[in-house]
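Here is the structure we will look at.
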Amino acid sequence: MIYIIGDLHLSFGVDKPMNIFGNVWENHTERLEQNWKKIVKDEDTVFLAGDFSWAMKLEEALEDFKYIDRLPGKKILLKGNHDYWWSSIKKNREFLEKNGIKNVDFLYNNSYIIENIAFCGTRGWEIKDIEEIKHIRKENIRLNNSIQDMNKKIEEYELEIEKKIAIFHYPPITKEYIEKGLDKELGEYDIIKTLKKEDIRMCYYGHLHGILNDQNLIKKYDNIKFELIASDYVNFKLINIK
């Protein structure tokens, strides 16, 4: 089975209690662990869509890695805007190996194919004005790197793929972007163009918190579906992809 959740905001190695952001975060790590162990088996895979840890340095994130490492399944992490601990993939992996963390890896300029589903992704960016478009273009390059790796694996191993899924931290498209008319001024997000080009019709993302009205979320745009999986939004329950 394959699961996904975002924005764990762990802080076992730093002083950053999440309950300051509201009662919904009270004992969130205990609740997450209980929900996780109810459904995830050792042979399963869990994608974590960014904002994994409040740590500023890799060393400070060690206890957070130990927490998820001892939970069932293989964990694959995406970079979020608060993951300041994130170094290069090489250094991240060396750190995990050095500290005996065996069930964690990363999604960054690469891809995964699991149970005939192809996964690509990148952090993404929040677009609020024209000045921010340069960041989206950089993230789109990383998305294309991930897609190229995905397509190479599909071709090289002659795989029959059931579907392609993209994972982001930031929402790939927002109502604010459309309501401000930025889609008309700048055209579609580069990321949306890429998703269309590659026939990727399902995206998961995190980042958004607080009390959210579903009417303010874009759940479908030009036949591409979007699902918010930030941990507080899904009540700290993992979402089953397959």
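How things are named: the first chain in the structure tokens is A, the next is B, and so on; residues count from 1 in each chain; ligands count from 1 in the order shown.
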
Residue contacts of segment 208-210 of chain A (9 Å, only C-alpha atoms) excluding same-chain residues fewer than 5 positions away, as an NGL selection string: :A and (7 or 21-22 or 170-171 or 228-233)

File dump, residues just selected, N, CA, C and O atoms, as a PDB file, in the first residue's frame:
ATOM      1  N   ASP A   7       3.427  18.000   6.194  1.00  0.00           N
ATOM      2  CA  ASP A   7       3.511  18.991   7.279  1.00  0.00           C
ATOM      3  C   ASP A   7       3.445  18.364   8.670  1.00  0.00           C
ATOM      4  O   ASP A   7       2.606  18.724   9.488  1.00  0.00           O
ATOM      5  N   PHE A  21       0.012  26.785  17.910  1.00  0.00           N
ATOM      6  CA  PHE A  21      -0.746  27.111  16.701  1.00  0.00           C
ATOM      7  C   PHE A  21      -2.208  26.660  16.786  1.00  0.00           C
ATOM      8  O   PHE A  21      -2.925  26.705  15.790  1.00  0.00           O
ATOM      9  N   GLY A  22      -2.623  26.223  17.967  1.00  0.00           N
ATOM     10  CA  GLY A  22      -4.022  25.857  18.132  1.00  0.00           C
ATOM     11  C   GLY A  22      -4.187  24.476  18.740  1.00  0.00           C
ATOM     12  O   GLY A  22      -3.271  23.642  18.720  1.00  0.00           O
ATOM     13  N   TYR A 170       4.006  23.175  -1.789  1.00  0.00           N
ATOM     14  CA  TYR A 170       3.079  24.275  -2.061  1.00  0.00           C
ATOM     15  C   TYR A 170       1.972  23.803  -3.003  1.00  0.00           C
ATOM     16  O   TYR A 170       2.192  22.931  -3.850  1.00  0.00           O
ATOM     17  N   PRO A 171       0.786  24.388  -2.907  1.00  0.00           N
ATOM     18  CA  PRO A 171      -0.265  24.070  -3.882  1.00  0.00           C
ATOM     19  C   PRO A 171       0.172  24.483  -5.282  1.00  0.00           C
ATOM     20  O   PRO A 171       0.665  25.598  -5.462  1.00  0.00           O
ATOM     21  N   LEU A 228      -5.316  18.338  -0.923  1.00  0.00           N
ATOM     22  CA  LEU A 228      -4.550  18.851   0.200  1.00  0.00           C
ATOM     23  C   LEU A 228      -4.400  17.763   1.258  1.00  0.00           C
ATOM     24  O   LEU A 228      -5.388  17.183   1.698  1.00  0.00           O
ATOM     25  N   ILE A 229      -3.145  17.507   1.667  1.00  0.00           N
ATOM     26  CA  ILE A 229      -2.900  16.444   2.644  1.00  0.00           C
ATOM     27  C   ILE A 229      -2.045  16.953   3.815  1.00  0.00           C
ATOM     28  O   ILE A 229      -1.337  16.161   4.443  1.00  0.00           O
ATOM     29  N   ALA A 230      -2.114  18.268   4.124  1.00  0.00           N
ATOM     30  CA  ALA A 230      -1.453  18.788   5.318  1.00  0.00           C
ATOM     31  C   ALA A 230      -2.018  18.059   6.541  1.00  0.00           C
ATOM     32  O   ALA A 230      -3.223  17.804   6.627  1.00  0.00           O
ATOM     33  N   SER A 231      -1.157  17.733   7.492  1.00  0.00           N
ATOM     34  CA  SER A 231      -1.556  16.818   8.566  1.00  0.00           C
ATOM     35  C   SER A 231      -2.731  17.318   9.396  1.00  0.00           C
ATOM     36  O   SER A 231      -3.609  16.534   9.773  1.00  0.00           O
ATOM     37  N   ASP A 232      -2.790  18.617   9.698  1.00  0.00           N
ATOM     38  CA  ASP A 232      -3.916  19.103  10.488  1.00  0.00           C
ATOM     39  C   ASP A 232      -5.211  19.081   9.683  1.00  0.00           C
ATOM     40  O   ASP A 232      -6.291  18.868  10.233  1.00  0.00           O
ATOM     41  N   TYR A 233      -5.116  19.278   8.355  1.00  0.00           N
ATOM     42  CA  TYR A 233      -6.303  19.257   7.503  1.00  0.00           C
ATOM     43  C   TYR A 233      -6.917  17.857   7.442  1.00  0.00           C
ATOM     44  O   TYR A 233      -8.142  17.701   7.388  1.00  0.00           O
TER      45      TYR A 233
END

With only C-alpha atoms as the basis for distance, which of A:His169, A:Lys38, A:Lys152, A:Lys90 is at the shortest distance from Ile5 of chain A? A:His169

Compile the contact shell of Lys193 of chain A as an MDAnalysis selection string: residues with an atom at most 12 Å away, counting only C-alpha atoms, same-chain residues fewer than 6 positions apart removed. chainID A and resid 136:137 140 143:144 172:173 183 187 199:201 221:222 224

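Closest to Leu107 of chain A among A:Trp125, A:Lys66, A:Ala166, A:Ile154 is A:Ala166, based on only C-alpha atoms.
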
Could you name the residues that touch Phe12 of chain A at 12 Å or less, counting only C-alpha atoms, but leaving out those on the same chain fewer than 2 positions away, as an MDAnalysis selection string? chainID A and resid 8:10 14:18 29 52:55 59:68

For the alpha helix (DSSP H) assignment from backbone DSSP, which residues of segment 59-234 of chain A qualify? Please present them as a PyMOL selection string. chain A and resi 62-69+89-98+133-156+175-179+182-186+190-197

For C-alpha atoms, I'd like the residues from the last selection saved as a short mmCIF file (atom, residue, chain, number, x, y, z; two decimals), in the first residue's frame.
data_model
loop_
_atom_site.label_atom_id
_atom_site.label_comp_id
_atom_site.auth_asym_id
_atom_site.auth_seq_id
_atom_site.Cartn_x
_atom_site.Cartn_y
_atom_site.Cartn_z
CA LEU A 62 18.07 13.40 14.12
CA GLU A 63 15.39 12.68 16.73
CA ASP A 64 12.71 13.51 14.16
CA PHE A 65 14.25 11.04 11.74
CA LYS A 66 14.41 8.42 14.48
CA TYR A 67 10.71 8.99 15.19
CA ILE A 68 9.60 8.26 11.62
CA ASP A 69 12.24 5.58 11.06
CA ILE A 89 20.73 14.68 -1.15
CA LYS A 90 24.20 13.18 -0.81
CA LYS A 91 24.75 14.75 2.61
CA ASN A 92 21.22 13.89 3.72
CA ARG A 93 21.72 10.23 2.84
CA GLU A 94 25.19 10.11 4.39
CA PHE A 95 23.77 11.55 7.61
CA LEU A 96 21.00 8.95 7.73
CA GLU A 97 23.41 6.09 7.03
CA LYS A 98 25.83 7.33 9.70
CA ILE A 133 7.49 33.92 -11.08
CA LYS A 134 11.26 33.35 -11.17
CA HIS A 135 10.95 30.96 -8.23
CA ILE A 136 8.23 28.95 -9.95
CA ARG A 137 10.44 28.61 -13.02
CA LYS A 138 13.26 27.20 -10.89
CA GLU A 139 10.88 24.75 -9.27
CA ASN A 140 9.57 23.78 -12.69
CA ILE A 141 13.11 22.86 -13.70
CA ARG A 142 13.31 20.54 -10.70
CA LEU A 143 9.91 19.08 -11.57
CA ASN A 144 11.12 18.39 -15.11
CA ASN A 145 14.26 16.73 -13.73
CA SER A 146 12.04 14.48 -11.65
CA ILE A 147 9.81 13.71 -14.64
CA GLN A 148 12.78 12.94 -16.88
CA ASP A 149 14.04 10.47 -14.30
CA MET A 150 10.57 8.95 -14.09
CA ASN A 151 10.18 8.59 -17.86
CA LYS A 152 13.68 7.14 -18.17
CA LYS A 153 12.82 4.40 -15.67
CA ILE A 154 9.54 3.64 -17.40
CA GLU A 155 11.26 3.31 -20.78
CA GLU A 156 14.37 1.51 -19.56
CA LYS A 175 -7.67 30.67 -6.39
CA GLU A 176 -5.68 33.77 -5.46
CA TYR A 177 -3.53 33.35 -8.57
CA ILE A 178 -6.62 33.19 -10.77
CA GLU A 179 -8.62 35.86 -8.91
CA LEU A 182 -2.15 36.47 -12.87
CA ASP A 183 -3.11 33.54 -15.07
CA LYS A 184 -4.12 36.03 -17.77
CA GLU A 185 -1.13 38.31 -17.17
CA LEU A 186 1.52 35.63 -16.92
CA ASP A 190 4.83 26.73 -15.79
CA ILE A 191 4.16 23.81 -13.45
CA ILE A 192 0.59 23.40 -14.71
CA LYS A 193 1.87 23.42 -18.30
CA THR A 194 4.34 20.69 -17.41
CA LEU A 195 1.68 18.56 -15.74
CA LYS A 196 -0.54 18.84 -18.82
CA LYS A 197 2.32 18.04 -21.17
#

If you count only C-alpha atoms, the residue of A:Ser88, A:Thr122, A:Asn240, A:Asn235 closest to Val40 of chain A turns out to be A:Asn240
